[in-house]
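Here is data-v4.txt, consisting of compact mmCIF, N, CA and C atoms:
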# COMPACT_ATOMS: atom_id res chain seq x y z
N MET A 2 -20.54 4.21 35.33
CA MET A 2 -21.15 3.54 34.19
C MET A 2 -20.87 2.03 34.29
N GLY A 3 -21.90 1.23 34.18
CA GLY A 3 -21.76 -0.22 34.31
C GLY A 3 -21.28 -0.87 33.02
N GLU A 4 -21.75 -2.10 32.82
CA GLU A 4 -21.40 -2.89 31.64
C GLU A 4 -21.97 -2.23 30.38
N LEU A 5 -21.18 -2.23 29.31
CA LEU A 5 -21.66 -1.66 28.04
C LEU A 5 -22.66 -2.62 27.39
N PRO A 6 -23.71 -2.08 26.76
CA PRO A 6 -24.67 -2.94 26.07
C PRO A 6 -23.97 -3.75 24.96
N PRO A 7 -24.44 -4.97 24.67
CA PRO A 7 -23.81 -5.84 23.66
C PRO A 7 -23.63 -5.16 22.31
N GLN A 8 -24.61 -4.35 21.89
CA GLN A 8 -24.47 -3.70 20.57
C GLN A 8 -23.32 -2.70 20.56
N VAL A 9 -23.07 -2.05 21.70
CA VAL A 9 -21.94 -1.11 21.77
C VAL A 9 -20.63 -1.90 21.75
N GLN A 10 -20.59 -2.99 22.51
CA GLN A 10 -19.39 -3.84 22.52
C GLN A 10 -19.09 -4.36 21.11
N ASN A 11 -20.12 -4.79 20.41
CA ASN A 11 -20.01 -5.30 19.06
C ASN A 11 -19.47 -4.22 18.12
N MET A 12 -20.00 -3.01 18.26
CA MET A 12 -19.59 -1.88 17.42
C MET A 12 -18.12 -1.54 17.69
N ILE A 13 -17.71 -1.59 18.96
CA ILE A 13 -16.32 -1.30 19.32
C ILE A 13 -15.39 -2.37 18.74
N ALA A 14 -15.83 -3.63 18.76
CA ALA A 14 -15.03 -4.72 18.17
C ALA A 14 -14.86 -4.49 16.67
N GLN A 15 -15.94 -4.09 16.00
CA GLN A 15 -15.87 -3.78 14.56
C GLN A 15 -14.90 -2.64 14.30
N LEU A 16 -14.98 -1.64 15.16
CA LEU A 16 -14.11 -0.46 15.06
C LEU A 16 -12.64 -0.88 15.13
N GLN A 17 -12.32 -1.76 16.08
CA GLN A 17 -10.93 -2.23 16.24
C GLN A 17 -10.48 -3.03 15.01
N THR A 18 -11.39 -3.85 14.47
CA THR A 18 -11.07 -4.64 13.28
C THR A 18 -10.75 -3.73 12.11
N VAL A 19 -11.58 -2.72 11.91
CA VAL A 19 -11.37 -1.78 10.80
C VAL A 19 -10.06 -1.02 10.99
N GLN A 20 -9.75 -0.64 12.23
CA GLN A 20 -8.48 0.05 12.50
C GLN A 20 -7.29 -0.83 12.14
N GLN A 21 -7.37 -2.13 12.48
CA GLN A 21 -6.29 -3.07 12.16
C GLN A 21 -6.14 -3.22 10.64
N GLN A 22 -7.28 -3.34 9.94
CA GLN A 22 -7.24 -3.46 8.48
C GLN A 22 -6.61 -2.22 7.86
N LEU A 23 -6.98 -1.07 8.38
CA LEU A 23 -6.44 0.20 7.89
C LEU A 23 -4.93 0.26 8.08
N GLN A 24 -4.46 -0.14 9.26
CA GLN A 24 -3.01 -0.15 9.53
C GLN A 24 -2.28 -1.07 8.55
N MET A 25 -2.88 -2.24 8.26
CA MET A 25 -2.26 -3.19 7.32
C MET A 25 -2.16 -2.58 5.92
N VAL A 26 -3.25 -1.96 5.48
CA VAL A 26 -3.29 -1.36 4.15
C VAL A 26 -2.25 -0.25 4.04
N VAL A 27 -2.19 0.61 5.06
CA VAL A 27 -1.24 1.73 5.06
C VAL A 27 0.20 1.20 5.03
N SER A 28 0.46 0.15 5.79
CA SER A 28 1.81 -0.41 5.84
C SER A 28 2.19 -1.06 4.50
N GLN A 29 1.24 -1.79 3.88
CA GLN A 29 1.51 -2.38 2.56
C GLN A 29 1.78 -1.29 1.53
N LYS A 30 0.98 -0.23 1.60
CA LYS A 30 1.13 0.87 0.64
C LYS A 30 2.50 1.52 0.79
N LEU A 31 2.93 1.69 2.03
CA LEU A 31 4.24 2.29 2.31
C LEU A 31 5.36 1.43 1.73
N GLN A 32 5.28 0.11 1.91
CA GLN A 32 6.29 -0.80 1.36
C GLN A 32 6.33 -0.70 -0.16
N LEU A 33 5.15 -0.66 -0.79
CA LEU A 33 5.09 -0.57 -2.24
C LEU A 33 5.64 0.77 -2.73
N GLU A 34 5.35 1.84 -1.99
CA GLU A 34 5.86 3.16 -2.39
C GLU A 34 7.38 3.19 -2.32
N ASN A 35 7.95 2.50 -1.32
CA ASN A 35 9.41 2.41 -1.22
C ASN A 35 9.99 1.60 -2.39
N SER A 36 9.33 0.50 -2.75
CA SER A 36 9.77 -0.31 -3.90
C SER A 36 9.69 0.52 -5.17
N LEU A 37 8.63 1.31 -5.29
CA LEU A 37 8.45 2.15 -6.47
C LEU A 37 9.60 3.15 -6.59
N LYS A 38 9.99 3.77 -5.48
CA LYS A 38 11.12 4.72 -5.50
C LYS A 38 12.39 4.03 -5.97
N GLU A 39 12.64 2.81 -5.47
CA GLU A 39 13.84 2.06 -5.87
C GLU A 39 13.82 1.80 -7.37
N ILE A 40 12.68 1.38 -7.88
CA ILE A 40 12.56 1.07 -9.31
C ILE A 40 12.74 2.34 -10.14
N GLU A 41 12.14 3.44 -9.69
CA GLU A 41 12.29 4.71 -10.43
C GLU A 41 13.75 5.15 -10.45
N ASN A 42 14.46 4.97 -9.34
CA ASN A 42 15.90 5.29 -9.30
C ASN A 42 16.67 4.41 -10.26
N ALA A 43 16.35 3.12 -10.28
CA ALA A 43 17.02 2.18 -11.19
C ALA A 43 16.78 2.59 -12.64
N ILE A 44 15.53 2.95 -12.96
CA ILE A 44 15.20 3.37 -14.33
C ILE A 44 16.03 4.60 -14.72
N ARG A 45 16.12 5.58 -13.80
CA ARG A 45 16.90 6.79 -14.08
C ARG A 45 18.37 6.45 -14.36
N GLU A 46 18.92 5.55 -13.53
CA GLU A 46 20.33 5.17 -13.69
C GLU A 46 20.56 4.43 -15.01
N VAL A 47 19.68 3.51 -15.33
CA VAL A 47 19.82 2.72 -16.56
C VAL A 47 19.68 3.63 -17.78
N GLU A 48 18.78 4.60 -17.72
CA GLU A 48 18.59 5.51 -18.85
C GLU A 48 19.83 6.34 -19.16
N LYS A 49 20.66 6.61 -18.12
CA LYS A 49 21.89 7.41 -18.31
C LYS A 49 22.98 6.63 -19.05
N VAL A 50 22.89 5.31 -18.98
CA VAL A 50 23.94 4.43 -19.50
C VAL A 50 23.88 4.32 -21.02
N ASP A 51 25.08 4.26 -21.67
CA ASP A 51 25.14 4.06 -23.12
C ASP A 51 24.60 2.68 -23.49
N GLU A 52 24.14 2.57 -24.74
CA GLU A 52 23.59 1.29 -25.23
C GLU A 52 24.57 0.13 -25.08
N ASP A 53 25.87 0.39 -25.35
CA ASP A 53 26.85 -0.70 -25.35
C ASP A 53 27.47 -0.98 -23.97
N THR A 54 27.08 -0.22 -22.97
CA THR A 54 27.59 -0.48 -21.62
C THR A 54 26.93 -1.75 -21.07
N PRO A 55 27.74 -2.69 -20.58
CA PRO A 55 27.13 -3.92 -20.05
C PRO A 55 26.33 -3.63 -18.78
N ILE A 56 25.13 -4.20 -18.73
CA ILE A 56 24.28 -4.06 -17.55
C ILE A 56 24.02 -5.45 -17.01
N TYR A 57 24.10 -5.59 -15.70
CA TYR A 57 23.86 -6.88 -15.07
C TYR A 57 22.67 -6.77 -14.15
N LYS A 58 21.89 -7.87 -14.09
CA LYS A 58 20.78 -7.88 -13.14
C LYS A 58 20.86 -9.14 -12.30
N ASN A 59 20.30 -9.06 -11.10
CA ASN A 59 20.25 -10.22 -10.21
C ASN A 59 19.21 -11.20 -10.69
N VAL A 60 19.61 -12.45 -10.80
CA VAL A 60 18.65 -13.52 -11.05
C VAL A 60 18.95 -14.56 -9.97
N GLY A 61 18.18 -14.50 -8.91
CA GLY A 61 18.47 -15.35 -7.75
C GLY A 61 19.78 -14.91 -7.13
N THR A 62 20.76 -15.82 -7.13
CA THR A 62 22.05 -15.50 -6.51
C THR A 62 23.13 -15.17 -7.55
N VAL A 63 22.74 -15.14 -8.84
CA VAL A 63 23.72 -14.85 -9.89
C VAL A 63 23.43 -13.52 -10.58
N LEU A 64 24.49 -12.94 -11.15
CA LEU A 64 24.33 -11.75 -11.97
C LEU A 64 24.32 -12.18 -13.43
N VAL A 65 23.35 -11.68 -14.16
CA VAL A 65 23.23 -12.05 -15.57
C VAL A 65 23.33 -10.78 -16.41
N LYS A 66 24.12 -10.85 -17.48
CA LYS A 66 24.26 -9.71 -18.38
C LYS A 66 22.96 -9.53 -19.16
N THR A 67 22.54 -8.27 -19.31
CA THR A 67 21.30 -8.00 -20.01
C THR A 67 21.44 -6.75 -20.86
N LYS A 68 20.47 -6.51 -21.72
CA LYS A 68 20.50 -5.32 -22.58
C LYS A 68 19.73 -4.19 -21.92
N LYS A 69 20.14 -2.97 -22.26
CA LYS A 69 19.51 -1.77 -21.69
C LYS A 69 18.00 -1.75 -21.94
N ASP A 70 17.58 -2.00 -23.19
CA ASP A 70 16.15 -1.92 -23.48
C ASP A 70 15.35 -3.02 -22.78
N GLU A 71 15.98 -4.20 -22.61
CA GLU A 71 15.31 -5.30 -21.91
C GLU A 71 15.09 -4.96 -20.44
N ILE A 72 16.13 -4.43 -19.82
CA ILE A 72 16.03 -4.10 -18.39
C ILE A 72 15.05 -2.95 -18.18
N LEU A 73 15.04 -1.97 -19.09
CA LEU A 73 14.09 -0.86 -18.97
C LEU A 73 12.66 -1.34 -19.11
N LYS A 74 12.43 -2.26 -20.06
CA LYS A 74 11.10 -2.83 -20.27
C LYS A 74 10.64 -3.54 -18.99
N GLU A 75 11.54 -4.35 -18.44
CA GLU A 75 11.25 -5.10 -17.23
C GLU A 75 10.95 -4.17 -16.04
N LEU A 76 11.79 -3.15 -15.87
CA LEU A 76 11.61 -2.21 -14.76
C LEU A 76 10.31 -1.43 -14.91
N ASN A 77 9.99 -1.00 -16.15
CA ASN A 77 8.76 -0.25 -16.37
C ASN A 77 7.52 -1.11 -16.13
N GLU A 78 7.60 -2.41 -16.46
CA GLU A 78 6.48 -3.32 -16.18
C GLU A 78 6.28 -3.46 -14.68
N LYS A 79 7.40 -3.64 -13.96
CA LYS A 79 7.32 -3.75 -12.49
C LYS A 79 6.73 -2.47 -11.91
N LYS A 80 7.18 -1.32 -12.43
CA LYS A 80 6.72 -0.02 -11.95
C LYS A 80 5.20 0.10 -12.14
N GLU A 81 4.73 -0.30 -13.33
CA GLU A 81 3.30 -0.23 -13.64
C GLU A 81 2.48 -1.10 -12.69
N THR A 82 2.95 -2.32 -12.46
CA THR A 82 2.27 -3.26 -11.57
C THR A 82 2.16 -2.67 -10.16
N ILE A 83 3.26 -2.11 -9.68
CA ILE A 83 3.27 -1.53 -8.34
C ILE A 83 2.33 -0.33 -8.26
N GLU A 84 2.32 0.51 -9.30
CA GLU A 84 1.45 1.68 -9.30
C GLU A 84 -0.02 1.27 -9.25
N VAL A 85 -0.37 0.21 -9.97
CA VAL A 85 -1.75 -0.30 -9.96
C VAL A 85 -2.12 -0.78 -8.55
N ARG A 86 -1.20 -1.51 -7.92
CA ARG A 86 -1.45 -2.01 -6.55
C ARG A 86 -1.57 -0.85 -5.56
N ILE A 87 -0.75 0.19 -5.73
CA ILE A 87 -0.81 1.35 -4.84
C ILE A 87 -2.16 2.05 -4.98
N ARG A 88 -2.63 2.20 -6.24
CA ARG A 88 -3.94 2.84 -6.45
C ARG A 88 -5.06 2.02 -5.80
N ALA A 89 -4.99 0.70 -5.93
CA ALA A 89 -6.00 -0.17 -5.33
C ALA A 89 -5.98 -0.04 -3.80
N LEU A 90 -4.77 -0.01 -3.23
CA LEU A 90 -4.65 0.14 -1.77
C LEU A 90 -5.13 1.51 -1.32
N SER A 91 -4.92 2.53 -2.12
CA SER A 91 -5.38 3.87 -1.77
C SER A 91 -6.91 3.92 -1.71
N ARG A 92 -7.55 3.25 -2.69
CA ARG A 92 -9.02 3.19 -2.69
C ARG A 92 -9.52 2.44 -1.46
N GLN A 93 -8.84 1.33 -1.15
CA GLN A 93 -9.19 0.53 0.02
C GLN A 93 -9.02 1.35 1.29
N GLU A 94 -7.93 2.11 1.35
CA GLU A 94 -7.64 2.96 2.51
C GLU A 94 -8.76 3.99 2.71
N GLU A 95 -9.20 4.62 1.62
CA GLU A 95 -10.29 5.61 1.71
C GLU A 95 -11.57 4.99 2.24
N LYS A 96 -11.92 3.81 1.71
CA LYS A 96 -13.14 3.12 2.15
C LYS A 96 -13.06 2.78 3.63
N LEU A 97 -11.90 2.29 4.06
CA LEU A 97 -11.72 1.93 5.47
C LEU A 97 -11.79 3.16 6.37
N LYS A 98 -11.24 4.28 5.91
CA LYS A 98 -11.31 5.52 6.70
C LYS A 98 -12.75 5.97 6.86
N GLU A 99 -13.52 5.87 5.77
CA GLU A 99 -14.94 6.25 5.83
C GLU A 99 -15.68 5.34 6.81
N ARG A 100 -15.44 4.03 6.71
CA ARG A 100 -16.08 3.05 7.59
C ARG A 100 -15.71 3.32 9.05
N LEU A 101 -14.45 3.65 9.28
CA LEU A 101 -13.97 3.94 10.62
C LEU A 101 -14.70 5.15 11.20
N GLN A 102 -14.82 6.21 10.40
CA GLN A 102 -15.51 7.42 10.82
C GLN A 102 -16.97 7.12 11.17
N GLU A 103 -17.60 6.34 10.30
CA GLU A 103 -18.99 5.95 10.48
C GLU A 103 -19.17 5.20 11.81
N LEU A 104 -18.29 4.22 12.06
CA LEU A 104 -18.36 3.42 13.29
C LEU A 104 -18.09 4.28 14.52
N GLN A 105 -17.11 5.19 14.41
CA GLN A 105 -16.80 6.07 15.55
C GLN A 105 -18.02 6.93 15.91
N ASN A 106 -18.69 7.45 14.89
CA ASN A 106 -19.88 8.27 15.14
C ASN A 106 -20.98 7.46 15.79
N LYS A 107 -21.19 6.22 15.30
CA LYS A 107 -22.23 5.35 15.88
C LYS A 107 -21.92 5.04 17.34
N VAL A 108 -20.65 4.70 17.63
CA VAL A 108 -20.25 4.38 18.99
C VAL A 108 -20.46 5.58 19.90
N LYS A 109 -20.06 6.77 19.42
CA LYS A 109 -20.24 8.00 20.21
C LYS A 109 -21.70 8.22 20.55
N SER A 110 -22.58 8.10 19.54
CA SER A 110 -24.00 8.36 19.81
C SER A 110 -24.58 7.28 20.72
N MET A 111 -24.14 6.03 20.55
CA MET A 111 -24.61 4.97 21.45
C MET A 111 -24.16 5.21 22.87
N LEU A 112 -22.89 5.62 23.02
CA LEU A 112 -22.35 5.86 24.36
C LEU A 112 -23.06 7.03 25.04
N SER A 113 -23.34 8.08 24.25
CA SER A 113 -24.04 9.21 24.86
C SER A 113 -25.46 8.79 25.26
N GLY A 114 -26.07 7.88 24.51
CA GLY A 114 -27.38 7.35 24.87
C GLY A 114 -27.32 6.52 26.14
N VAL A 115 -26.24 5.73 26.28
CA VAL A 115 -26.05 4.90 27.47
C VAL A 115 -25.84 5.79 28.70
N GLN A 116 -25.01 6.84 28.52
CA GLN A 116 -24.73 7.74 29.64
C GLN A 116 -25.97 8.53 30.06
N ALA A 117 -26.78 8.92 29.07
CA ALA A 117 -27.99 9.69 29.36
C ALA A 117 -29.00 8.82 30.10
N GLY A 118 -29.03 7.51 29.71
CA GLY A 118 -30.01 6.60 30.32
C GLY A 118 -29.52 6.20 31.64
Could you express the structure from this file as structure tokens?
Amino acid sequence: MGELPPQVQNMIAQLQTVQQQLQMVVSQKLQLENSLKEIENAIREVEKVDEDTPIYKNVGTVLVKTKKDEILKELNEKKETIEVRIRALSRQEEKLKERLQELQNKVKSMLSGVQAG
């Protein structure tokens, strides 16, 4: 088989781009899911603590004393934000997977046409 036709080369380049985008999305989603687990663990631990137990949080390089309800509010807001981003990335991941499948099918049919010709 000689040189691939330009349209097949173009389709293969698109395929590689979509694969890279998909890998990025999956990796971002994984990082967010790990952050979500950490936040959920923190929420569970804070919920176990009595109201009058001092709780400290990191603010830059210092620890600052905070109230249980304040820290829970903050953690739940962070959790919500991360969940929204994970859902958005999941939708993006699905679209990219569909596009990838579509491109793979086109490339296959083009290649079989090239081989037949």
Suppose you want the space between atom CA of Arg88 of chain A and atom N of Gln20 of chain A; what is it in Å?
-> 19.9 Å
Any idea what's packed within 12 Å of segment 92-102 of chain A, counting only C-alpha atoms, ignoring anything in its chain fewer than 4 positions away? Could you give it as number ranges by chain?
-> A: 12-31, 85-88, 106-109
Please, which residues of segment 3-118 of chain A, numbered as in this document, come out helix (DSSP H, G or I) from DSSP, as an MDAnalysis selection string?
-> chainID A and resid 7:49 69:117
Just give me the gap between atom CA of Lys69 of chain A and atom CA of Glu52 of chain A in Å, one decimal is fine.
-> 6.2 Å
Please put the answer as lines of an AutoDock Vina configuration file: centre and edge lengths, in Å with one decimal, of a box along x, y and z that encloses all listed atoms of segment 61-76 of chain A plus 3 Å on each side.
center_x = 17.4
center_y = -8.3
center_z = -15.0
size_x = 20.2
size_y = 21.0
size_z = 23.0
Contacts of segment 41-50 of chain A at 7 Å (all atoms listed in the file; same-chain gap of 4+ positions) as a PyMOL selection string | chain A and resi 36-37+54+69+73+76+80
Completed segment 22-48 of chain A (N, CA, C and O atoms) as an mmCIF file, in the frame of the given file:
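That gives us out-v3.cif:
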data_model
loop_
_atom_site.group_PDB
_atom_site.id
_atom_site.type_symbol
_atom_site.label_atom_id
_atom_site.label_comp_id
_atom_site.auth_asym_id
_atom_site.auth_seq_id
_atom_site.Cartn_x
_atom_site.Cartn_y
_atom_site.Cartn_z
ATOM 1 N N GLN A 22 -7.280 -3.340 9.940
ATOM 2 C CA GLN A 22 -7.240 -3.460 8.480
ATOM 3 C C GLN A 22 -6.610 -2.220 7.860
ATOM 4 O O GLN A 22 -5.809 -2.321 6.933
ATOM 5 N N LEU A 23 -6.980 -1.070 8.380
ATOM 6 C CA LEU A 23 -6.440 0.200 7.890
ATOM 7 C C LEU A 23 -4.930 0.260 8.080
ATOM 8 O O LEU A 23 -4.194 0.635 7.168
ATOM 9 N N GLN A 24 -4.460 -0.140 9.260
ATOM 10 C CA GLN A 24 -3.010 -0.150 9.530
ATOM 11 C C GLN A 24 -2.280 -1.070 8.550
ATOM 12 O O GLN A 24 -1.212 -0.733 8.057
ATOM 13 N N MET A 25 -2.880 -2.240 8.260
ATOM 14 C CA MET A 25 -2.260 -3.190 7.320
ATOM 15 C C MET A 25 -2.160 -2.580 5.920
ATOM 16 O O MET A 25 -1.125 -2.665 5.278
ATOM 17 N N VAL A 26 -3.250 -1.960 5.480
ATOM 18 C CA VAL A 26 -3.290 -1.360 4.150
ATOM 19 C C VAL A 26 -2.250 -0.250 4.040
ATOM 20 O O VAL A 26 -1.501 -0.175 3.077
ATOM 21 N N VAL A 27 -2.190 0.610 5.060
ATOM 22 C CA VAL A 27 -1.240 1.730 5.060
ATOM 23 C C VAL A 27 0.200 1.200 5.030
ATOM 24 O O VAL A 27 1.032 1.703 4.293
ATOM 25 N N SER A 28 0.460 0.150 5.790
ATOM 26 C CA SER A 28 1.810 -0.410 5.840
ATOM 27 C C SER A 28 2.190 -1.060 4.500
ATOM 28 O O SER A 28 3.304 -0.883 4.019
ATOM 29 N N GLN A 29 1.240 -1.790 3.880
ATOM 30 C CA GLN A 29 1.510 -2.380 2.560
ATOM 31 C C GLN A 29 1.780 -1.290 1.530
ATOM 32 O O GLN A 29 2.667 -1.421 0.696
ATOM 33 N N LYS A 30 0.980 -0.230 1.600
ATOM 34 C CA LYS A 30 1.130 0.870 0.640
ATOM 35 C C LYS A 30 2.500 1.520 0.790
ATOM 36 O O LYS A 30 3.158 1.829 -0.204
ATOM 37 N N LEU A 31 2.930 1.690 2.030
ATOM 38 C CA LEU A 31 4.240 2.290 2.310
ATOM 39 C C LEU A 31 5.360 1.430 1.730
ATOM 40 O O LEU A 31 6.288 1.954 1.087
ATOM 41 N N GLN A 32 5.280 0.110 1.910
ATOM 42 C CA GLN A 32 6.290 -0.800 1.360
ATOM 43 C C GLN A 32 6.330 -0.700 -0.160
ATOM 44 O O GLN A 32 7.404 -0.644 -0.760
ATOM 45 N N LEU A 33 5.150 -0.660 -0.790
ATOM 46 C CA LEU A 33 5.090 -0.570 -2.240
ATOM 47 C C LEU A 33 5.640 0.770 -2.730
ATOM 48 O O LEU A 33 6.309 0.832 -3.757
ATOM 49 N N GLU A 34 5.350 1.840 -1.990
ATOM 50 C CA GLU A 34 5.860 3.160 -2.390
ATOM 51 C C GLU A 34 7.380 3.190 -2.320
ATOM 52 O O GLU A 34 8.036 3.804 -3.156
ATOM 53 N N ASN A 35 7.950 2.500 -1.320
ATOM 54 C CA ASN A 35 9.410 2.410 -1.220
ATOM 55 C C ASN A 35 9.990 1.600 -2.390
ATOM 56 O O ASN A 35 10.998 1.984 -2.971
ATOM 57 N N SER A 36 9.330 0.500 -2.750
ATOM 58 C CA SER A 36 9.770 -0.310 -3.900
ATOM 59 C C SER A 36 9.690 0.520 -5.170
ATOM 60 O O SER A 36 10.577 0.435 -6.026
ATOM 61 N N LEU A 37 8.630 1.310 -5.290
ATOM 62 C CA LEU A 37 8.450 2.150 -6.470
ATOM 63 C C LEU A 37 9.600 3.150 -6.590
ATOM 64 O O LEU A 37 10.148 3.334 -7.680
ATOM 65 N N LYS A 38 9.990 3.770 -5.480
ATOM 66 C CA LYS A 38 11.120 4.720 -5.500
ATOM 67 C C LYS A 38 12.390 4.030 -5.970
ATOM 68 O O LYS A 38 13.144 4.591 -6.770
ATOM 69 N N GLU A 39 12.640 2.810 -5.470
ATOM 70 C CA GLU A 39 13.840 2.060 -5.870
ATOM 71 C C GLU A 39 13.820 1.800 -7.370
ATOM 72 O O GLU A 39 14.838 1.963 -8.041
ATOM 73 N N ILE A 40 12.680 1.380 -7.880
ATOM 74 C CA ILE A 40 12.560 1.070 -9.310
ATOM 75 C C ILE A 40 12.740 2.340 -10.140
ATOM 76 O O ILE A 40 13.439 2.335 -11.152
ATOM 77 N N GLU A 41 12.140 3.440 -9.690
ATOM 78 C CA GLU A 41 12.290 4.710 -10.430
ATOM 79 C C GLU A 41 13.750 5.150 -10.450
ATOM 80 O O GLU A 41 14.233 5.649 -11.470
ATOM 81 N N ASN A 42 14.460 4.970 -9.340
ATOM 82 C CA ASN A 42 15.900 5.290 -9.300
ATOM 83 C C ASN A 42 16.670 4.410 -10.260
ATOM 84 O O ASN A 42 17.551 4.898 -10.989
ATOM 85 N N ALA A 43 16.350 3.120 -10.280
ATOM 86 C CA ALA A 43 17.020 2.180 -11.190
ATOM 87 C C ALA A 43 16.780 2.590 -12.640
ATOM 88 O O ALA A 43 17.709 2.603 -13.447
ATOM 89 N N ILE A 44 15.530 2.950 -12.960
ATOM 90 C CA ILE A 44 15.200 3.370 -14.330
ATOM 91 C C ILE A 44 16.030 4.600 -14.720
ATOM 92 O O ILE A 44 16.623 4.638 -15.795
ATOM 93 N N ARG A 45 16.120 5.580 -13.800
ATOM 94 C CA ARG A 45 16.900 6.790 -14.080
ATOM 95 C C ARG A 45 18.370 6.450 -14.360
ATOM 96 O O ARG A 45 18.978 6.962 -15.280
ATOM 97 N N GLU A 46 18.920 5.550 -13.530
ATOM 98 C CA GLU A 46 20.330 5.170 -13.690
ATOM 99 C C GLU A 46 20.560 4.430 -15.010
ATOM 100 O O GLU A 46 21.514 4.710 -15.716
ATOM 101 N N VAL A 47 19.680 3.510 -15.330
ATOM 102 C CA VAL A 47 19.820 2.720 -16.560
ATOM 103 C C VAL A 47 19.680 3.630 -17.780
ATOM 104 O O VAL A 47 20.399 3.469 -18.767
ATOM 105 N N GLU A 48 18.780 4.600 -17.720
ATOM 106 C CA GLU A 48 18.590 5.510 -18.850
ATOM 107 C C GLU A 48 19.830 6.340 -19.160
ATOM 108 O O GLU A 48 20.064 6.728 -20.288
#
